[in-house]
Amino acid sequence: MKEQKNNIVNTQQEINLKLFFRKIYKNRMFFMASIGLFVILALIYIVLATPVYEVSTSVLVDSEGRNRALGNSKYVEGGVSLIEIEKNLYNEIGILKSFSLIKQTIEDLNFDITYHKESFFSESEEYGYFPFKVHLDRDKPQLFGVPFEIELLTDSTYELKIDADDFFVSNPINGTTRDVKRRFRFSGEFKFGESIEHEFFSFRLSKPKYSVSLEDFDGDDLSFVISDVEDVAKSYMDKIEANNIDIEASIFKIVSVGPIVSKEVDFLKKLTENYVQNELFSRNEIAAGKEAFIRNQLRVISDSLTKFEVKLEAFKIDKKAVDLGATASNALDQTNNLQVEAAKIKMNINYYNSIIRSVRNNKNSDEFIMPSGIGIEDPSINQNILELKELYAERSRKKFFVTSNNQEMTILNGQIKESTEILLSNLRSAVRSSQAGLASITSQLSSIDEEISSLPTREIQLLNIQRENTLYENLYKYLSQELAKTGIARAESTSDTRVLDEARMEGNGPIAPQKSLLLVMAVTLGALVPLGKLVFFPEEEVIENAHQIVANCEMPIIASIVHYDNGPSKKSYTVPYINFNAEKWIRKFKGANTLLDYVNESFKPTDSYFEVSLWKLKESFRDLSTNLRLVNPSNKGVIGITSIMPEEGKTYSAINLGITLAETGKKTIIVDADLRNPSLVGEISEVKGQGLSNYLKGEIDEVEKIIYSHKTIDNLKFIPTSVIEGNVHELLSGDRIITLIENLKEQYDYVILDTPAVGLVSDFLLLLDVMDINLFVVRRNVSKINFLRDLENLIPREKRKKSYIIFNDALTDNHKYGYRSKYGVNDEEQIISKSLSV
């Protein structure tokens with residue numbers, strides 16, 4: 001049993017999925033309208049939106065600095081021995097996207113001035129081709145964010161108009177802006193090239209150097225807008241992207257987007273040009289500083305050398321001292337060597353001290369700045385500086401990923417502090433070591449001086465002069481070599497950075513709006529809107545198949561009444577209902593030989609609308625009558641037929657069931673018990689015959705006067721009614737209706753009561769006690785599931801055992817009635833009309 005229940009659940013889940021897609025199909029027009037609306041909106045946006053293009057360029061960075069100025073010259077042995085540190089690629093990205101570099105580029109290109117053209121249908125920014133050019137006086141205040149409207153009067157004159165309410169004015173003295181909140185109007189005629197001076201602006205307009213056809217701007221409103229350079233730079237910082245193309249590569253791709261391709265191309269070209277030139281300028285500054293230092297030293301030494309050469313020459317002439325003795329010569333050679341060594345040590349001490357000052361000044365800077373000067377020969381200090389640079393580079397890289405108070409960043413800052421102290425300690429040790437070496441040399445020079453003091457006075461004097469002269473000669477040669485090396489290295493310097501691909505547009509068109517993506521999104525949203533309405537705001541779910549009835553109601557289905565199929569056109573339709581007028585009904589019904597004659601006289605169907613066979617329908621009502629015998633072995637009684645709501649086919653089912661029962665020989669009478677909305681009566685004023693309403697009100701005592709017979713089918717009788725304006729509830733709960741039904745039960749096998757819809761009024765429940773079988777008509781695509789769930793609450797539990805459901809308008813695809821295809825053509829006379837819907 002448990003397995004069977006699971007199977008039922010799975011089947012129901014499958015059915016629900018089918019129902020879901022059937023709902024979508026049922027609301028297909030809603031889906032199509034929604035999708036169409038969103039597609040139209042997307043197309044309008046595509047037409048009106050300003051296209052945005054992507055422009056890119058690529059830059060190669062020599063991270064090892066092999067081409068850097070002041071590096072080891074390949075032409076001069078030994079080079080100039082400056083510390084060479086590998087470039088931090090993340091720092092280079094930061095430089096490319098830095099505010100200072102972008103601002104410099106904006107100022108070079110005058111991008112703080114934008115030119116605009118406005119027509120009746122559109123407005124656009126123009127670049128590179130415009131009938132005038134603006135030249136700002138950047139030392140004067142300027143009006144920001146307000147259109148300067150220009151009307152060309154002649155080839156040499158124009159009219160300027162300004163209309164603003166709230167605006168900003170720059171103050172070039174302190175680099176600030178002030179907000180002016182008042183109305184400002186300005187107009188005037190000016191000549192091209194004439195300076196325009198005002199409290200809020202200062203500029204002049206000139207004709208462009210290239211030829212411009214004014215016909216291209218005929219009918220357009222021309223204007224220009226001045227913006228704050230810093231605001232423009234910030235906007236470019238937000239939209240520019242710079243990333244290395246691969247984690248192991250030192251090639252960067254720089255991307256910028258904008259509505260004007262040529263403008264973005266010029267921006268990227270100027271940006272990379274400034275980046276390269278700034279790199280070279282920085283290195284050339286270091287080289288120029290070193291050259292200036294060496295030249296200054298050479299100038300001082302040259303003056304001293306000249307002075308001692310003149311002094312030596314004069315001493316030799318005056319004292320006739322041309323040659324020195326062996327002792328004096330040896331003392332002179334030793335003194336010269338020691339003095340040169342002492343001079344070098346002094347220079348090293350000065351350089352060490354300059355590095356100490358530099359390290360102290362850059363403790364909190366991400367960029368470790370090396371001073372210009374001669375190199376460091378101590379390998380431990382070189383290693384310390386390299387390690388410190390790497391730590392600074394690592395901290396710069398981590399700033400892209402972690403916060404300043406992150407644990408990793410805290411550890412790294414501690415390492416930097418520790419390395420800095422180690423470097424300073426080593427530098428101080430080097431200074432002390434150099435000072436010790438200098439003291440040793442000084443001591444040796446003192447010993448030599450004592451030895452020289454024992455020489456004759458003339459030789460001592462000559463030796464001192466010659467010693468000083470030789471010292472300056474050696475220093476002059478040494479510095480001249482260093483100057484030559486620096487000049488050669490600077491001359492052969494090339495940039496570490498070069499542009500690989502010139503700035504150009506990516507792809508063949510704009511990146512926005514993306515037409516395909518927008519259309520896909522429009523279709524998706526267009527489908528989601530009605531789908532969301534179906535899911536979150538569902539309509540009352542209608543019954544579409546018998547499985548829904550079984551799932552939502554415990555009442556069994558006694559029979560299914562099939563739906564018509566139009567064979568030739570393969571179109572399904574539901575037969576409309578006939579609201580009988582009592583006068584016409586009595587007149588035509590009495591005059592017709594058969595019920596078929598009456599129906600055919602009232603409705604003359606055309607072949608194009610009713611070319612269908614009704615034998616399946618007749619078989620479905622036969623199936624209903626057969627099932628009634630099974631549930632009612634006495635084969636007689638009172639059958640009450642109702643529906644949950646109107647237009648579900650209760651009268652249609654009542655009359656066709658009556659015909660079917662009468663054909664089997666059962667005496668049958670159909671009673672129209674719907675006193676509120678009779679199915680067989682139109683207007684009460686048209687009623688000439690009498691019916692149930694007259695009997696219940698006591699106007700007639702004889703039942704035979706309200707019964708109408710059928711001339712062809714003797715077993716079929718009808719009791720019509722008319723609308724009652726009085727208390728219907730009182731009439732249906734009175735004794736006369738009970739007496740009437742009891743009398744009819746004695747005369748007829750079946751009494752069929754066509755009662756009001758039970759979902760609207762309680763009239764049906766008043767007759768429940770006199771009914772032997774209760775039939776509830778549920779119609780496909782009309783009846784609601786919610787009403788079906790409430791149906792059981794309307795019927796007392798003890799009455800449910802004799803209550804059944806007729807599923808009306810069922811589809812015939814899987815219906816059991818298939819005699820035409822299984823057993824040949826059914827040629828029996830059809831009593832049920834093609835258009836029967838009473």
# chains A, B, ... in the order shown; residues from 1 in each chain; ligands from 1

call {"tool": "select_by_dssp", "arguments": {"residues": "stretch 207-359 of chain A", "states": "helix (DSSP H, G or I)", "output": "PyMOL selection string"}}
result
chain A and resi 214-217+229-239+261-319+326-359

call {"tool": "residues_around", "arguments": {"residues": "stretch 186-201 of chain A", "least_positions_apart": "6", "cutoff": "9 Å", "atoms": "only C-alpha atoms", "output": "list of chain:residue names"}}
result
A:Phe132, A:Leu136, A:Asp137, A:Lys140, A:Pro141, A:Gln142, A:Leu143, A:Leu153, A:Asp155, A:Ser156, A:Thr157, A:Tyr158, A:Glu159, A:Leu160, A:Lys161, A:Ile162, A:Asp163, A:Val169, A:Ser170, A:Lys207

call {"tool": "write_last_selection", "arguments": {"atoms": "N, CA and C atoms", "output": "compact mmCIF listing (two decimals), in the first residue's frame"}}
result
# COMPACT_ATOMS: atom_id res chain seq x y z
N PHE A 132 35.93 76.33 -33.03
CA PHE A 132 36.73 77.25 -32.21
C PHE A 132 37.48 76.45 -31.16
N LEU A 136 42.55 79.02 -21.86
CA LEU A 136 42.29 79.52 -20.51
C LEU A 136 43.49 80.26 -19.97
N ASP A 137 43.20 81.29 -19.19
CA ASP A 137 44.24 81.93 -18.40
C ASP A 137 44.20 81.26 -17.03
N LYS A 140 44.04 82.93 -13.55
CA LYS A 140 42.86 83.70 -13.17
C LYS A 140 41.73 82.75 -12.77
N PRO A 141 40.73 83.22 -12.01
CA PRO A 141 39.59 82.37 -11.65
C PRO A 141 38.84 81.88 -12.88
N GLN A 142 38.24 80.70 -12.75
CA GLN A 142 37.47 80.11 -13.85
C GLN A 142 36.14 79.58 -13.31
N LEU A 143 35.14 79.64 -14.16
CA LEU A 143 33.79 79.17 -13.83
C LEU A 143 33.66 77.70 -14.21
N LEU A 153 28.60 84.46 -35.26
CA LEU A 153 27.92 85.54 -35.99
C LEU A 153 28.52 85.72 -37.37
N ASP A 155 32.60 85.27 -39.60
CA ASP A 155 33.83 84.47 -39.61
C ASP A 155 34.79 84.92 -38.52
N SER A 156 34.62 86.12 -38.00
CA SER A 156 35.56 86.65 -37.01
C SER A 156 34.91 87.03 -35.69
N THR A 157 33.58 86.97 -35.59
CA THR A 157 32.90 87.37 -34.36
C THR A 157 31.95 86.26 -33.89
N TYR A 158 31.62 86.33 -32.61
CA TYR A 158 30.70 85.37 -32.01
C TYR A 158 30.00 86.02 -30.83
N GLU A 159 28.92 85.40 -30.40
CA GLU A 159 28.17 85.87 -29.24
C GLU A 159 28.30 84.84 -28.13
N LEU A 160 28.61 85.32 -26.92
CA LEU A 160 28.77 84.45 -25.75
C LEU A 160 27.60 84.67 -24.80
N LYS A 161 27.00 83.56 -24.33
CA LYS A 161 25.90 83.62 -23.37
C LYS A 161 26.18 82.64 -22.23
N ILE A 162 25.92 83.10 -21.00
CA ILE A 162 26.06 82.26 -19.81
C ILE A 162 24.81 82.42 -18.96
N ASP A 163 24.23 81.32 -18.54
CA ASP A 163 23.03 81.33 -17.70
C ASP A 163 23.21 80.26 -16.62
N VAL A 169 33.58 78.48 -8.62
CA VAL A 169 34.61 79.34 -9.19
C VAL A 169 35.93 78.98 -8.53
N SER A 170 36.96 78.80 -9.35
CA SER A 170 38.27 78.41 -8.82
C SER A 170 39.02 79.61 -8.28
N LYS A 207 40.31 80.61 -33.69
CA LYS A 207 39.93 79.70 -34.76
C LYS A 207 40.93 78.54 -34.79

call {"tool": "residues_around", "arguments": {"residues": "A:Pro510", "least_positions_apart": "5", "cutoff": "8 Å", "atoms": "only C-alpha atoms", "output": "list in words"}}
result
Pro51, Val52, Tyr53 and Glu54 of chain A

call {"tool": "write_last_selection", "arguments": {"atoms": "N, CA, C and O atoms", "output": "compact mmCIF listing (two decimals), in the first residue's frame"}}
result
# COMPACT_ATOMS: atom_id res chain seq x y z
N PRO A 51 27.11 55.43 -26.99
CA PRO A 51 28.00 54.26 -27.05
C PRO A 51 29.31 54.53 -26.33
O PRO A 51 29.84 55.65 -26.33
N VAL A 52 29.83 53.49 -25.69
CA VAL A 52 31.09 53.57 -24.95
C VAL A 52 32.08 52.61 -25.58
O VAL A 52 31.76 51.43 -25.80
N TYR A 53 33.28 53.11 -25.85
CA TYR A 53 34.31 52.31 -26.52
C TYR A 53 35.46 52.02 -25.55
O TYR A 53 35.69 52.77 -24.60
N GLU A 54 36.16 50.95 -25.82
CA GLU A 54 37.31 50.57 -25.00
C GLU A 54 38.58 50.75 -25.81
O GLU A 54 38.70 50.27 -26.93

call {"tool": "atom_distance", "arguments": {"atom1": "atom CA of A:Ser447", "atom2": "atom CA of A:Asn336"}}
result
13.9 Å

call {"tool": "residues_around", "arguments": {"residues": "A:Lys784", "least_positions_apart": "2", "cutoff": "8 Å", "atoms": "only C-alpha atoms", "output": "count of residues only"}}
result
8

call {"tool": "closest_residue", "arguments": {"among": "A:Tyr352, A:Glu230, A:Ala522, A:Asn405", "to": "A:Leu41", "atoms": "only C-alpha atoms"}}
result
A:Ala522

call {"tool": "closest_residue", "arguments": {"among": "A:Asn545, A:Gln435, A:Gln415, A:Ser202", "to": "A:Asn350", "atoms": "only C-alpha atoms"}}
result
A:Gln435

call {"tool": "atom_distance", "arguments": {"atom1": "atom CA of A:Asp714", "atom2": "atom CA of A:Lys667"}}
result
8.1 Å

call {"tool": "atom_distance", "arguments": {"atom1": "atom CA of A:Asp179", "atom2": "atom CA of A:Phe167"}}
result
6.0 Å

call {"tool": "closest_residue", "arguments": {"among": "A:Tyr652, A:Tyr478, A:Tyr392, A:Tyr127", "to": "A:Gly414", "atoms": "only C-alpha atoms"}}
result
A:Tyr392

call {"tool": "closest_residue", "arguments": {"among": "A:Met237, A:Ile106, A:Leu388, A:Leu222", "to": "A:Leu412", "atoms": "only C-alpha atoms"}}
result
A:Leu388

call {"tool": "residues_around", "arguments": {"residues": "A:Leu768", "least_positions_apart": "4", "cutoff": "10 Å", "atoms": "only C-alpha atoms", "output": "list in words"}}
result
Ile639, Gly640, Asp763, Phe764, Asp772, Ile773, Asn774, Ile795, Pro796 and Lys799 of chain A

call {"tool": "closest_residue", "arguments": {"among": "A:Arg360, A:His710, A:His135, A:Lys697", "to": "A:Ile670", "atoms": "only C-alpha atoms"}}
result
A:His710

call {"tool": "residues_around", "arguments": {"residues": "A:Lys181", "least_positions_apart": "6", "cutoff": "10 Å", "atoms": "only C-alpha atoms", "output": "PDB file with N, CA and C atoms, in the first residue's frame"}}
result
ATOM      1  N   ALA A 164      23.436  80.690 -15.386  1.00  0.00           N
ATOM      2  CA  ALA A 164      23.725  79.734 -14.312  1.00  0.00           C
ATOM      3  C   ALA A 164      23.059  80.192 -13.026  1.00  0.00           C
ATOM      4  N   ASP A 165      22.741  79.229 -12.179  1.00  0.00           N
ATOM      5  CA  ASP A 165      22.156  79.506 -10.868  1.00  0.00           C
ATOM      6  C   ASP A 165      23.151  79.210  -9.750  1.00  0.00           C
ATOM      7  N   ASP A 166      23.552  77.932  -9.645  1.00  0.00           N
ATOM      8  CA  ASP A 166      24.565  77.529  -8.669  1.00  0.00           C
ATOM      9  C   ASP A 166      25.793  77.056  -9.432  1.00  0.00           C
ATOM     10  N   PHE A 167      26.966  77.555  -9.053  1.00  0.00           N
ATOM     11  CA  PHE A 167      28.171  77.193  -9.789  1.00  0.00           C
ATOM     12  C   PHE A 167      29.380  77.316  -8.868  1.00  0.00           C
ATOM     13  N   PHE A 168      30.517  76.826  -9.370  1.00  0.00           N
ATOM     14  CA  PHE A 168      31.774  76.876  -8.624  1.00  0.00           C
ATOM     15  C   PHE A 168      32.769  77.758  -9.378  1.00  0.00           C
TER      16      PHE A 168
END
